[in-house]
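J.: Below is the file work_35.pdb, with PDB, C-alpha atoms, pLDDT in the B column.
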```pdb
ATOM      1  CA  MET X   1     -50.893  21.968-104.009  1.00 92.00           C
ATOM      2  CA  LYS X   2     -49.055  23.199-107.096  1.00 97.00           C
ATOM      3  CA  THR X   3     -48.613  21.404-110.398  1.00 98.00           C
ATOM      4  CA  VAL X   4     -44.912  21.134-111.236  1.00 98.00           C
ATOM      5  CA  LEU X   5     -43.285  20.057-114.508  1.00 98.00           C
ATOM      6  CA  VAL X   6     -39.588  19.157-114.437  1.00 98.00           C
ATOM      7  CA  THR X   7     -37.849  18.434-117.734  1.00 98.00           C
ATOM      8  CA  GLY X   8     -35.148  15.792-117.591  1.00 96.00           C
ATOM      9  CA  GLY X   9     -36.807  14.784-114.346  1.00 96.00           C
ATOM     10  CA  VAL X  10     -35.921  11.121-113.904  1.00 96.00           C
ATOM     11  CA  LYS X  11     -32.143  11.357-113.392  1.00 94.00           C
ATOM     12  CA  GLY X  12     -29.561  13.446-111.591  1.00 93.00           C
ATOM     13  CA  ILE X  13     -30.535  16.972-110.592  1.00 96.00           C
ATOM     14  CA  GLY X  14     -33.981  16.638-112.154  1.00 97.00           C
ATOM     15  CA  ARG X  15     -34.775  13.551-110.108  1.00 97.00           C
ATOM     16  CA  SER X  16     -33.866  15.334-106.877  1.00 97.00           C
ATOM     17  CA  ILE X  17     -36.020  18.317-107.847  1.00 98.00           C
ATOM     18  CA  VAL X  18     -38.957  16.008-108.566  1.00 98.00           C
ATOM     19  CA  LYS X  19     -38.594  14.282-105.196  1.00 98.00           C
ATOM     20  CA  LYS X  20     -38.309  17.616-103.368  1.00 98.00           C
ATOM     21  CA  PHE X  21     -41.602  18.934-104.750  1.00 98.00           C
ATOM     22  CA  PHE X  22     -43.305  15.566-104.326  1.00 97.00           C
ATOM     23  CA  ALA X  23     -42.270  15.458-100.655  1.00 96.00           C
ATOM     24  CA  LYS X  24     -43.968  18.802-100.011  1.00 95.00           C
ATOM     25  CA  GLY X  25     -47.244  17.524-101.442  1.00 96.00           C
ATOM     26  CA  ASP X  26     -47.245  18.917-104.965  1.00 97.00           C
ATOM     27  CA  PHE X  27     -48.455  17.191-108.126  1.00 97.00           C
ATOM     28  CA  VAL X  28     -45.253  16.499-110.046  1.00 98.00           C
ATOM     29  CA  ILE X  29     -44.702  15.550-113.680  1.00 98.00           C
ATOM     30  CA  ALA X  30     -41.259  14.345-114.749  1.00 98.00           C
ATOM     31  CA  ASN X  31     -40.374  14.612-118.415  1.00 97.00           C
ATOM     32  CA  TYR X  32     -37.881  12.258-120.044  1.00 96.00           C
ATOM     33  CA  SER X  33     -37.007  11.204-123.580  1.00 93.00           C
ATOM     34  CA  LYS X  34     -34.794   8.108-123.478  1.00 89.00           C
ATOM     35  CA  SER X  35     -34.320   7.093-119.850  1.00 88.00           C
ATOM     36  CA  ASN X  36     -37.028   4.411-119.784  1.00 89.00           C
ATOM     37  CA  PHE X  37     -35.433   2.367-117.000  1.00 91.00           C
ATOM     38  CA  GLU X  38     -34.975   5.389-114.725  1.00 94.00           C
ATOM     39  CA  ALA X  39     -38.531   6.559-115.410  1.00 95.00           C
ATOM     40  CA  THR X  40     -39.967   3.173-114.479  1.00 94.00           C
ATOM     41  CA  ALA X  41     -37.859   3.042-111.323  1.00 95.00           C
ATOM     42  CA  LEU X  42     -38.981   6.505-110.228  1.00 95.00           C
ATOM     43  CA  GLU X  43     -42.624   5.639-110.889  1.00 93.00           C
ATOM     44  CA  ALA X  44     -42.244   2.627-108.619  1.00 93.00           C
ATOM     45  CA  GLU X  45     -40.514   4.656-105.913  1.00 95.00           C
ATOM     46  CA  LEU X  46     -43.056   7.502-105.929  1.00 94.00           C
ATOM     47  CA  SER X  47     -46.092   5.349-106.572  1.00 89.00           C
ATOM     48  CA  SER X  48     -48.854   7.926-106.167  1.00 91.00           C
ATOM     49  CA  ASP X  49     -51.651   9.701-108.002  1.00 92.00           C
ATOM     50  CA  ARG X  50     -49.594  12.890-107.452  1.00 96.00           C
ATOM     51  CA  PHE X  51     -46.764  11.765-109.706  1.00 97.00           C
ATOM     52  CA  ARG X  52     -46.369  10.734-113.305  1.00 95.00           C
ATOM     53  CA  THR X  53     -43.750  10.608-116.014  1.00 96.00           C
ATOM     54  CA  VAL X  54     -44.324  11.966-119.506  1.00 97.00           C
ATOM     55  CA  LYS X  55     -42.115  11.056-122.440  1.00 96.00           C
ATOM     56  CA  PHE X  56     -41.450  13.686-125.087  1.00 96.00           C
ATOM     57  CA  ASP X  57     -38.443  14.907-127.050  1.00 95.00           C
ATOM     58  CA  LEU X  58     -37.259  18.396-126.118  1.00 96.00           C
ATOM     59  CA  SER X  59     -35.563  18.805-129.478  1.00 95.00           C
ATOM     60  CA  ASP X  60     -38.981  18.684-131.198  1.00 96.00           C
ATOM     61  CA  PRO X  61     -41.136  21.808-130.653  1.00 96.00           C
ATOM     62  CA  GLU X  62     -44.275  20.082-131.931  1.00 96.00           C
ATOM     63  CA  GLN X  63     -43.877  17.255-129.414  1.00 96.00           C
ATOM     64  CA  ILE X  64     -43.330  19.791-126.653  1.00 97.00           C
ATOM     65  CA  GLN X  65     -46.471  21.739-127.511  1.00 97.00           C
ATOM     66  CA  ARG X  66     -48.610  18.643-127.989  1.00 97.00           C
ATOM     67  CA  SER X  67     -47.417  16.934-124.799  1.00 97.00           C
ATOM     68  CA  ILE X  68     -47.728  19.962-122.521  1.00 97.00           C
ATOM     69  CA  GLN X  69     -51.137  20.811-123.941  1.00 97.00           C
ATOM     70  CA  SER X  70     -52.251  17.252-123.235  1.00 96.00           C
ATOM     71  CA  ILE X  71     -51.021  17.547-119.638  1.00 96.00           C
ATOM     72  CA  GLN X  72     -52.868  20.830-119.156  1.00 96.00           C
ATOM     73  CA  ASN X  73     -56.070  19.509-120.723  1.00 95.00           C
ATOM     74  CA  GLU X  74     -56.078  16.618-118.258  1.00 93.00           C
ATOM     75  CA  ILE X  75     -54.639  18.122-115.073  1.00 93.00           C
ATOM     76  CA  GLY X  76     -54.844  21.887-115.462  1.00 93.00           C
ATOM     77  CA  SER X  77     -52.264  24.574-115.985  1.00 95.00           C
ATOM     78  CA  ILE X  78     -48.655  24.164-114.918  1.00 98.00           C
ATOM     79  CA  ASP X  79     -47.803  26.329-111.892  1.00 98.00           C
ATOM     80  CA  VAL X  80     -44.066  25.678-111.779  1.00 98.00           C
ATOM     81  CA  LEU X  81     -41.875  24.818-114.779  1.00 98.00           C
ATOM     82  CA  VAL X  82     -38.299  23.723-114.142  1.00 98.00           C
ATOM     83  CA  ASN X  83     -36.306  23.688-117.381  1.00 98.00           C
ATOM     84  CA  ASN X  84     -33.667  21.247-116.220  1.00 98.00           C
ATOM     85  CA  ALA X  85     -32.988  18.927-119.173  1.00 96.00           C
ATOM     86  CA  GLY X  86     -29.622  19.250-120.848  1.00 94.00           C
ATOM     87  CA  VAL X  87     -27.101  17.393-122.960  1.00 93.00           C
ATOM     88  CA  THR X  88     -23.467  17.943-123.767  1.00 92.00           C
ATOM     89  CA  PHE X  89     -20.966  16.470-126.202  1.00 92.00           C
ATOM     90  CA  ASP X  90     -17.604  17.700-124.991  1.00 91.00           C
ATOM     91  CA  ASP X  91     -14.999  18.326-127.665  1.00 93.00           C
ATOM     92  CA  LEU X  92     -13.069  21.143-129.272  1.00 96.00           C
ATOM     93  CA  LEU X  93     -15.327  23.099-131.610  1.00 96.00           C
ATOM     94  CA  ILE X  94     -13.152  22.299-134.612  1.00 97.00           C
ATOM     95  CA  ARG X  95     -13.967  18.595-134.136  1.00 96.00           C
ATOM     96  CA  LEU X  96     -17.648  18.882-133.179  1.00 96.00           C
ATOM     97  CA  PRO X  97     -20.032  17.689-135.936  1.00 97.00           C
ATOM     98  CA  SER X  98     -22.998  19.862-136.867  1.00 97.00           C
ATOM     99  CA  GLU X  99     -25.595  17.342-135.703  1.00 96.00           C
ATOM    100  CA  LYS X 100     -24.170  17.422-132.157  1.00 97.00           C
ATOM    101  CA  ILE X 101     -23.952  21.222-132.182  1.00 97.00           C
ATOM    102  CA  GLU X 102     -27.602  21.478-133.181  1.00 97.00           C
ATOM    103  CA  LYS X 103     -28.747  18.881-130.645  1.00 97.00           C
ATOM    104  CA  ILE X 104     -27.119  20.771-127.765  1.00 97.00           C
ATOM    105  CA  ILE X 105     -28.783  24.036-128.786  1.00 98.00           C
ATOM    106  CA  ARG X 106     -32.157  22.430-129.535  1.00 97.00           C
ATOM    107  CA  ILE X 107     -32.449  20.641-126.194  1.00 97.00           C
ATOM    108  CA  ASN X 108     -30.654  22.993-123.799  1.00 98.00           C
ATOM    109  CA  LEU X 109     -31.882  26.330-125.129  1.00 98.00           C
ATOM    110  CA  LEU X 110     -34.735  25.932-127.595  1.00 98.00           C
ATOM    111  CA  GLY X 111     -36.331  23.167-125.517  1.00 98.00           C
ATOM    112  CA  ALA X 112     -36.521  25.516-122.528  1.00 98.00           C
ATOM    113  CA  ILE X 113     -37.914  28.315-124.689  1.00 98.00           C
ATOM    114  CA  TYR X 114     -40.663  26.158-126.193  1.00 98.00           C
ATOM    115  CA  CYS X 115     -41.601  24.617-122.833  1.00 98.00           C
ATOM    116  CA  SER X 116     -41.884  28.081-121.334  1.00 98.00           C
ATOM    117  CA  GLN X 117     -44.015  29.270-124.229  1.00 98.00           C
ATOM    118  CA  ALA X 118     -46.343  26.295-123.754  1.00 97.00           C
ATOM    119  CA  VAL X 119     -47.060  26.987-120.065  1.00 98.00           C
ATOM    120  CA  ILE X 120     -47.305  30.772-120.058  1.00 98.00           C
ATOM    121  CA  LYS X 121     -50.963  31.068-121.109  1.00 96.00           C
ATOM    122  CA  GLY X 122     -52.139  29.000-118.143  1.00 96.00           C
ATOM    123  CA  MET X 123     -49.943  30.983-115.751  1.00 97.00           C
ATOM    124  CA  LEU X 124     -51.314  34.261-117.093  1.00 98.00           C
ATOM    125  CA  LYS X 125     -54.874  33.109-116.416  1.00 97.00           C
ATOM    126  CA  LYS X 126     -53.975  32.321-112.801  1.00 96.00           C
ATOM    127  CA  LYS X 127     -51.775  35.417-112.467  1.00 97.00           C
ATOM    128  CA  TRP X 128     -49.199  33.206-110.785  1.00 98.00           C
ATOM    129  CA  GLY X 129     -46.325  31.090-111.973  1.00 98.00           C
ATOM    130  CA  ARG X 130     -42.685  30.171-111.629  1.00 98.00           C
ATOM    131  CA  ILE X 131     -40.289  29.409-114.466  1.00 98.00           C
ATOM    132  CA  ILE X 132     -36.886  28.235-113.267  1.00 98.00           C
ATOM    133  CA  ASN X 133     -34.112  27.654-115.791  1.00 98.00           C
ATOM    134  CA  ILE X 134     -31.218  25.402-114.825  1.00 98.00           C
ATOM    135  CA  SER X 135     -28.221  26.939-116.549  1.00 98.00           C
ATOM    136  CA  SER X 136     -24.581  26.295-115.576  1.00 96.00           C
ATOM    137  CA  VAL X 137     -21.501  28.019-114.257  1.00 95.00           C
ATOM    138  CA  VAL X 138     -19.932  27.454-117.696  1.00 94.00           C
ATOM    139  CA  GLY X 139     -22.637  29.697-119.147  1.00 95.00           C
ATOM    140  CA  GLU X 140     -20.985  32.471-117.117  1.00 94.00           C
ATOM    141  CA  ILE X 141     -17.274  31.666-117.359  1.00 93.00           C
ATOM    142  CA  GLY X 142     -16.951  29.284-120.346  1.00 93.00           C
ATOM    143  CA  ASN X 143     -14.962  26.077-120.448  1.00 89.00           C
ATOM    144  CA  PRO X 144     -12.620  24.636-123.090  1.00 90.00           C
ATOM    145  CA  GLY X 145     -14.209  21.726-124.922  1.00 92.00           C
ATOM    146  CA  GLN X 146     -17.681  23.002-124.032  1.00 93.00           C
ATOM    147  CA  SER X 147     -18.053  26.026-126.291  1.00 96.00           C
ATOM    148  CA  VAL X 148     -21.479  25.053-127.622  1.00 97.00           C
ATOM    149  CA  TYR X 149     -22.730  23.803-124.251  1.00 97.00           C
ATOM    150  CA  SER X 150     -21.537  27.085-122.703  1.00 97.00           C
ATOM    151  CA  ALA X 151     -23.327  29.028-125.438  1.00 98.00           C
ATOM    152  CA  SER X 152     -26.577  27.159-124.820  1.00 98.00           C
ATOM    153  CA  LYS X 153     -26.403  27.787-121.074  1.00 98.00           C
ATOM    154  CA  ALA X 154     -25.440  31.448-121.550  1.00 98.00           C
ATOM    155  CA  GLY X 155     -28.417  31.807-123.881  1.00 98.00           C
ATOM    156  CA  LEU X 156     -30.680  30.675-121.040  1.00 98.00           C
ATOM    157  CA  LEU X 157     -29.476  33.605-118.955  1.00 98.00           C
ATOM    158  CA  GLY X 158     -30.480  36.195-121.541  1.00 98.00           C
ATOM    159  CA  PHE X 159     -33.777  34.404-122.086  1.00 98.00           C
ATOM    160  CA  THR X 160     -34.432  34.427-118.332  1.00 98.00           C
ATOM    161  CA  LYS X 161     -33.806  38.152-117.939  1.00 98.00           C
ATOM    162  CA  ALA X 162     -35.952  39.155-120.914  1.00 98.00           C
ATOM    163  CA  LEU X 163     -38.869  36.844-120.127  1.00 98.00           C
ATOM    164  CA  ALA X 164     -38.845  38.019-116.501  1.00 98.00           C
ATOM    165  CA  LYS X 165     -39.498  41.559-117.740  1.00 98.00           C
ATOM    166  CA  GLU X 166     -42.341  40.336-119.944  1.00 98.00           C
ATOM    167  CA  LEU X 167     -44.134  38.418-117.181  1.00 98.00           C
ATOM    168  CA  GLY X 168     -43.204  39.972-113.844  1.00 97.00           C
ATOM    169  CA  SER X 169     -46.191  42.314-113.672  1.00 97.00           C
ATOM    170  CA  ARG X 170     -48.549  39.326-113.985  1.00 97.00           C
ATOM    171  CA  GLY X 171     -47.389  37.450-110.905  1.00 97.00           C
ATOM    172  CA  ILE X 172     -45.017  35.180-112.833  1.00 98.00           C
ATOM    173  CA  THR X 173     -41.325  35.117-111.968  1.00 98.00           C
ATOM    174  CA  VAL X 174     -38.552  33.778-114.191  1.00 98.00           C
ATOM    175  CA  ASN X 175     -35.162  32.997-112.705  1.00 98.00           C
ATOM    176  CA  ALA X 176     -32.046  31.026-113.554  1.00 98.00           C
ATOM    177  CA  ILE X 177     -29.751  28.887-111.439  1.00 98.00           C
ATOM    178  CA  THR X 178     -26.129  28.289-112.411  1.00 98.00           C
ATOM    179  CA  PRO X 179     -24.850  25.109-110.723  1.00 96.00           C
ATOM    180  CA  GLY X 180     -21.143  24.504-110.520  1.00 93.00           C
ATOM    181  CA  PHE X 181     -19.705  21.002-110.237  1.00 92.00           C
ATOM    182  CA  ILE X 182     -22.615  18.795-109.147  1.00 92.00           C
ATOM    183  CA  GLU X 183     -22.200  15.046-108.631  1.00 88.00           C
ATOM    184  CA  THR X 184     -24.280  13.469-111.417  1.00 82.00           C
ATOM    185  CA  ASP X 185     -23.815  10.801-114.091  1.00 74.00           C
ATOM    186  CA  MET X 186     -22.707  13.555-116.475  1.00 67.00           C
ATOM    187  CA  THR X 187     -19.880  14.757-114.230  1.00 73.00           C
ATOM    188  CA  GLU X 188     -18.952  11.247-113.089  1.00 75.00           C
ATOM    189  CA  ARG X 189     -17.667  10.535-116.606  1.00 73.00           C
ATOM    190  CA  LEU X 190     -14.946  13.171-116.277  1.00 74.00           C
ATOM    191  CA  PRO X 191     -11.374  11.908-115.735  1.00 77.00           C
ATOM    192  CA  ASP X 192     -10.166  11.856-112.128  1.00 82.00           C
ATOM    193  CA  ASP X 193      -7.393  14.381-112.803  1.00 82.00           C
ATOM    194  CA  ILE X 194      -9.921  16.898-114.145  1.00 77.00           C
ATOM    195  CA  LYS X 195     -12.170  16.401-111.114  1.00 80.00           C
ATOM    196  CA  SER X 196      -9.194  16.834-108.798  1.00 84.00           C
ATOM    197  CA  GLN X 197      -8.250  20.113-110.486  1.00 85.00           C
ATOM    198  CA  MET X 198     -11.820  21.395-110.259  1.00 83.00           C
ATOM    199  CA  LEU X 199     -12.102  20.526-106.574  1.00 87.00           C
ATOM    200  CA  LYS X 200      -9.161  22.814-105.852  1.00 88.00           C
ATOM    201  CA  THR X 201     -11.150  25.775-107.209  1.00 89.00           C
ATOM    202  CA  ILE X 202     -14.134  25.192-104.880  1.00 93.00           C
ATOM    203  CA  SER X 203     -13.677  27.062-101.616  1.00 93.00           C
ATOM    204  CA  VAL X 204     -16.098  24.932 -99.562  1.00 94.00           C
ATOM    205  CA  GLY X 205     -13.944  21.912-100.375  1.00 91.00           C
ATOM    206  CA  ARG X 206     -16.545  19.579-101.855  1.00 91.00           C
ATOM    207  CA  PHE X 207     -18.608  19.003-104.975  1.00 92.00           C
ATOM    208  CA  GLY X 208     -22.279  19.882-104.883  1.00 94.00           C
ATOM    209  CA  THR X 209     -25.098  17.372-104.727  1.00 96.00           C
ATOM    210  CA  PRO X 210     -28.355  17.272-106.688  1.00 96.00           C
ATOM    211  CA  GLU X 211     -30.134  17.831-103.369  1.00 97.00           C
ATOM    212  CA  ASP X 212     -28.291  21.154-102.950  1.00 97.00           C
ATOM    213  CA  VAL X 213     -29.741  22.354-106.241  1.00 98.00           C
ATOM    214  CA  ALA X 214     -33.200  20.955-105.508  1.00 98.00           C
ATOM    215  CA  SER X 215     -33.401  22.894-102.246  1.00 98.00           C
ATOM    216  CA  LEU X 216     -32.621  26.140-104.055  1.00 98.00           C
ATOM    217  CA  VAL X 217     -35.213  25.399-106.734  1.00 98.00           C
ATOM    218  CA  GLU X 218     -37.820  24.713-104.065  1.00 98.00           C
ATOM    219  CA  PHE X 219     -37.121  28.083-102.440  1.00 98.00           C
ATOM    220  CA  ILE X 220     -37.305  30.040-105.707  1.00 98.00           C
ATOM    221  CA  ALA X 221     -40.660  28.411-106.455  1.00 98.00           C
ATOM    222  CA  SER X 222     -42.068  29.427-103.077  1.00 97.00           C
ATOM    223  CA  GLU X 223     -44.005  32.509-102.019  1.00 96.00           C
ATOM    224  CA  ALA X 224     -41.002  33.524 -99.931  1.00 97.00           C
ATOM    225  CA  ALA X 225     -39.131  34.225-103.175  1.00 98.00           C
ATOM    226  CA  SER X 226     -41.885  36.259-104.847  1.00 97.00           C
ATOM    227  CA  TYR X 227     -39.670  39.363-105.117  1.00 98.00           C
ATOM    228  CA  ILE X 228     -36.861  37.504-106.888  1.00 98.00           C
ATOM    229  CA  ASN X 229     -37.290  37.922-110.641  1.00 98.00           C
ATOM    230  CA  GLY X 230     -34.871  37.925-113.566  1.00 98.00           C
ATOM    231  CA  ALA X 231     -32.086  36.750-111.265  1.00 98.00           C
ATOM    232  CA  VAL X 232     -29.137  34.514-112.042  1.00 98.00           C
ATOM    233  CA  ILE X 233     -28.396  32.628-108.834  1.00 98.00           C
ATOM    234  CA  PRO X 234     -25.079  30.743-108.528  1.00 97.00           C
ATOM    235  CA  ILE X 235     -24.773  27.524-106.567  1.00 97.00           C
ATOM    236  CA  ASN X 236     -21.159  26.478-106.955  1.00 94.00           C
ATOM    237  CA  GLY X 237     -19.514  26.347-103.509  1.00 94.00           C
ATOM    238  CA  GLY X 238     -17.466  29.455-104.215  1.00 93.00           C
ATOM    239  CA  MET X 239     -16.030  28.174-107.485  1.00 89.00           C
ATOM    240  CA  TRP X 240     -17.176  31.391-109.221  1.00 82.00           C
TER     241      TRP X 240
END
```
Will you turn the file into structure tokens for me?
T.:
Amino acid sequence: MKTVLVTGGVKGIGRSIVKKFFAKGDFVIANYSKSNFEATALEAELSSDRFRTVKFDLSDPEQIQRSIQSIQNEIGSIDVLVNNAGVTFDDLLIRLPSEKIEKIIRINLLGAIYCSQAVIKGMLKKKWGRIINISSVVGEIGNPGQSVYSASKAGLLGFTKALAKELGSRGITVNAITPGFIETDMTERLPDDIKSQMLKTISVGRFGTPEDVASLVEFIASEAASYINGAVIPINGGMW
């Protein structure tokens, strides 16, 4: 049984990742910051001593360090970290206020960096670990109206490749996944004409599901993927 921490783990892709690891018998911790209703609902659904939710703000490095240290003091080191949490405020850069720019970078990029930093010591002691960063196809190709979001997700790719070289010799792999159009609350808010245009670019003819991403995450975290390190793995149905 592994101990798994999933940031942004009570909704969308994160929720599916949590349920995937829980189903295979792991001890799973789902982070959230504002989604109190969803956290309570998931606690009720997965009522077990192998699951808990932990509330902390990924834009605050002190909260991250304090919360993860508390988890490790009580449960033990984290074996698998999935940096899934992300926010976006879509708009042209010229209209995007500085507070929204900083929030995107703090949560999407810095949050993942600080979470990774907080779990590494425990992984080094065990000489085993998995850090999986959920980036995005727009971190590879860009998207108008998402310049800062794209920058934050592209930053995760560089972080992944460098950290993989730091940790690979110690039994710890670091990889990134770049989902394309996945059906979540975030994508549901897009206008129908935009979704229709995007569907035409996807060769398999459908949007992805959170379960598609969760299955890939589960594989990367497994022993079967022990020789995959520093990789950027697309899951976009042939969109890119």
J.: Compile the contact shell of Asn175 in chain X as a VMD selection string: residues with an atom at most 6 Å away, counting only C-alpha atoms, same-chain residues fewer than 2 positions apart removed.
T.: chain X and resid 132 160 229 to 231
J.: Using all atoms listed in the file, which protein or nucleic acid residues come within 10 Å of Asp91 in chain X? Drop anything in the same chain fewer than 5 positions from it, and give the result as a list in words.
T.: Leu96, Pro97, Pro144, Gly145, Gln146, Ser147 and Val148 of chain X
J.: Neighbouring residues of range 6-23 of chain X were defined as those with any atom within 7 Å, considering all atoms listed in the file; residues of the same chain fewer than 4 positions away were excluded. Please report them as a list in words.
T.: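 The contact residues come out as Phe27, Val28, Ile29, Ala30, Asn31, Tyr32, Glu38, Ala39, Leu42, Leu81, Val82, Asn83, Asn84, Ala85, Thr184, Asp185, Pro210, Glu211, Val213, Ala214 and Glu218 of chain X.
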J.: Just say which residues the PyMOL selection byres ((chain X and resi 57-64) around 7) picks in this file, as a list in words.
T.: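 So the PyMOL selection byres ((chain X and resi 57-64) around 7) ends up selecting Ser33, Phe56, Gln65, Arg66, Ser67, Ile68, Lys103, Arg106, Ile107, Gly111, Tyr114 and Cys115 of chain X.
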J.: Given the selection you just returned, output its residues as a file containing C-alpha atoms, formatted as a tab-separated table (two decimals), keeping the file's coordinate frame.
T.:
```tsv
chain	number	residue	atom	x	y	z
X	33	SER	CA	-37.01	11.20	-123.58
X	56	PHE	CA	-41.45	13.69	-125.09
X	65	GLN	CA	-46.47	21.74	-127.51
X	66	ARG	CA	-48.61	18.64	-127.99
X	67	SER	CA	-47.42	16.93	-124.80
X	68	ILE	CA	-47.73	19.96	-122.52
X	103	LYS	CA	-28.75	18.88	-130.65
X	106	ARG	CA	-32.16	22.43	-129.54
X	107	ILE	CA	-32.45	20.64	-126.19
X	111	GLY	CA	-36.33	23.17	-125.52
X	114	TYR	CA	-40.66	26.16	-126.19
X	115	CYS	CA	-41.60	24.62	-122.83
```
J.: What's the separation between CA of Ile202 in chain X and CA of Asn236 in chain X, in Å to one decimal place?
T.: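 Computing it gives 7.4 Å between the two atoms.
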J.: Tell me, as an mmCIF file with C-alpha atoms, in the coordinates of the input, which residues lie within 10 Å of Ile220 in chain X, counting only C-alpha atoms; anything in the same chain fewer than 5 positions away does not count.
T.:
```cif
data_model
loop_
_atom_site.group_PDB
_atom_site.id
_atom_site.type_symbol
_atom_site.label_atom_id
_atom_site.label_comp_id
_atom_site.auth_asym_id
_atom_site.auth_seq_id
_atom_site.Cartn_x
_atom_site.Cartn_y
_atom_site.Cartn_z
ATOM 1 C CA ARG X 130 -42.685 30.171 -111.629
ATOM 2 C CA ILE X 131 -40.289 29.409 -114.466
ATOM 3 C CA ILE X 132 -36.886 28.235 -113.267
ATOM 4 C CA THR X 173 -41.325 35.117 -111.968
ATOM 5 C CA VAL X 174 -38.552 33.778 -114.191
ATOM 6 C CA ASN X 175 -35.162 32.997 -112.705
ATOM 7 C CA ALA X 176 -32.046 31.026 -113.554
ATOM 8 C CA ILE X 177 -29.751 28.887 -111.439
ATOM 9 C CA ALA X 214 -33.200 20.955 -105.508
ATOM 10 C CA SER X 215 -33.401 22.894 -102.246
ATOM 11 C CA ALA X 225 -39.131 34.225 -103.175
ATOM 12 C CA SER X 226 -41.885 36.259 -104.847
ATOM 13 C CA TYR X 227 -39.670 39.363 -105.117
ATOM 14 C CA ILE X 228 -36.861 37.504 -106.888
ATOM 15 C CA ASN X 229 -37.290 37.922 -110.641
ATOM 16 C CA ILE X 233 -28.396 32.628 -108.834
#
```
J.: X:Ile182, X:Ala154, X:Ile101, X:Ile120: which is nearest Gly139 in chain X, counting only C-alpha atoms?
T.: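 So, comparing all the options, the nearest one is X:Ala154.
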J.: Using only C-alpha atoms, pick whichever of X:Ile172, X:Lys55, X:Met198, X:Gly238 has the shortest atom-to-atom distance to Ser70 in chain X.
T.: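 Ranking X:Ile172, X:Lys55, X:Met198, X:Gly238 by distance to Ser70 in chain X, first place goes to X:Lys55.
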J.: What separation in Å, quoted to one decimal, exists between CA of Lys195 in chain X and CA of Val137 in chain X?
T.: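 We find that CA of Lys195 in chain X and CA of Val137 in chain X lie 15.2 Å from each other.
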J.: Can you tell me how far CA of Lys126 in chain X sits from CA of Arg170 in chain X, in Å to one decimal?
T.: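 About the pair CA of Lys126 in chain X and CA of Arg170 in chain X: they are 8.9 Å apart.
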J.: Determine the residue membership of the PyMOL selection byres ((chain X and resi 124) around 12) for the file above and supply it as a list in words.
T.: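 Taken on the displayed file, the PyMOL selection byres ((chain X and resi 124) around 12) yields the residues Ser77, Ile78, Asp79, Gln117, Ala118, Val119, Ile120, Lys121, Gly122, Met123, Lys125, Lys126, Lys127, Trp128, Gly129, Arg130, Glu166, Leu167, Gly168, Ser169, Arg170, Gly171, Ile172 and Thr173 of chain X.
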J.: Return as JSON the box centre and box size in Å, one decimal, for an axis-aligned box around all listed atoms of range 13-17 of chain X padded by 3 Å per side.
T.:
```
{"center_x": -33.3, "center_y": 15.9, "center_z": -109.5, "size_x": 11.5, "size_y": 10.8, "size_z": 11.3}
```
J.: Would you fill out range 137-148 of chain X with N, CA and C atoms and return it as a compact mmCIF listing (two decimals), in the coordinates of the input?
T.:
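Written output follows (selection-v1.txt):
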```txt
# COMPACT_ATOMS: atom_id res chain seq x y z
N VAL X 137 -22.61 27.09 -114.47
CA VAL X 137 -21.50 28.02 -114.26
C VAL X 137 -20.72 28.25 -115.55
N VAL X 138 -20.68 27.26 -116.45
CA VAL X 138 -19.93 27.45 -117.70
C VAL X 138 -20.65 28.41 -118.64
N GLY X 139 -21.94 28.67 -118.39
CA GLY X 139 -22.64 29.70 -119.15
C GLY X 139 -22.18 31.09 -118.75
N GLU X 140 -21.51 31.19 -117.60
CA GLU X 140 -20.98 32.47 -117.12
C GLU X 140 -19.50 32.62 -117.41
N ILE X 141 -18.73 31.54 -117.26
CA ILE X 141 -17.27 31.67 -117.36
C ILE X 141 -16.68 30.94 -118.56
N GLY X 142 -17.48 30.07 -119.23
CA GLY X 142 -16.95 29.28 -120.35
C GLY X 142 -16.09 28.14 -119.86
N ASN X 143 -15.82 27.21 -120.78
CA ASN X 143 -14.96 26.08 -120.45
C ASN X 143 -14.44 25.46 -121.74
N PRO X 144 -13.14 25.22 -121.86
CA PRO X 144 -12.62 24.64 -123.09
C PRO X 144 -13.22 23.26 -123.33
N GLY X 145 -13.57 22.99 -124.57
CA GLY X 145 -14.21 21.73 -124.92
C GLY X 145 -15.71 21.75 -124.73
N GLN X 146 -16.24 22.87 -124.24
CA GLN X 146 -17.68 23.00 -124.03
C GLN X 146 -18.20 24.32 -124.60
N SER X 147 -17.68 24.72 -125.74
CA SER X 147 -18.05 26.03 -126.29
C SER X 147 -19.54 26.10 -126.63
N VAL X 148 -20.07 25.04 -127.23
CA VAL X 148 -21.48 25.05 -127.62
C VAL X 148 -22.37 24.88 -126.40
```
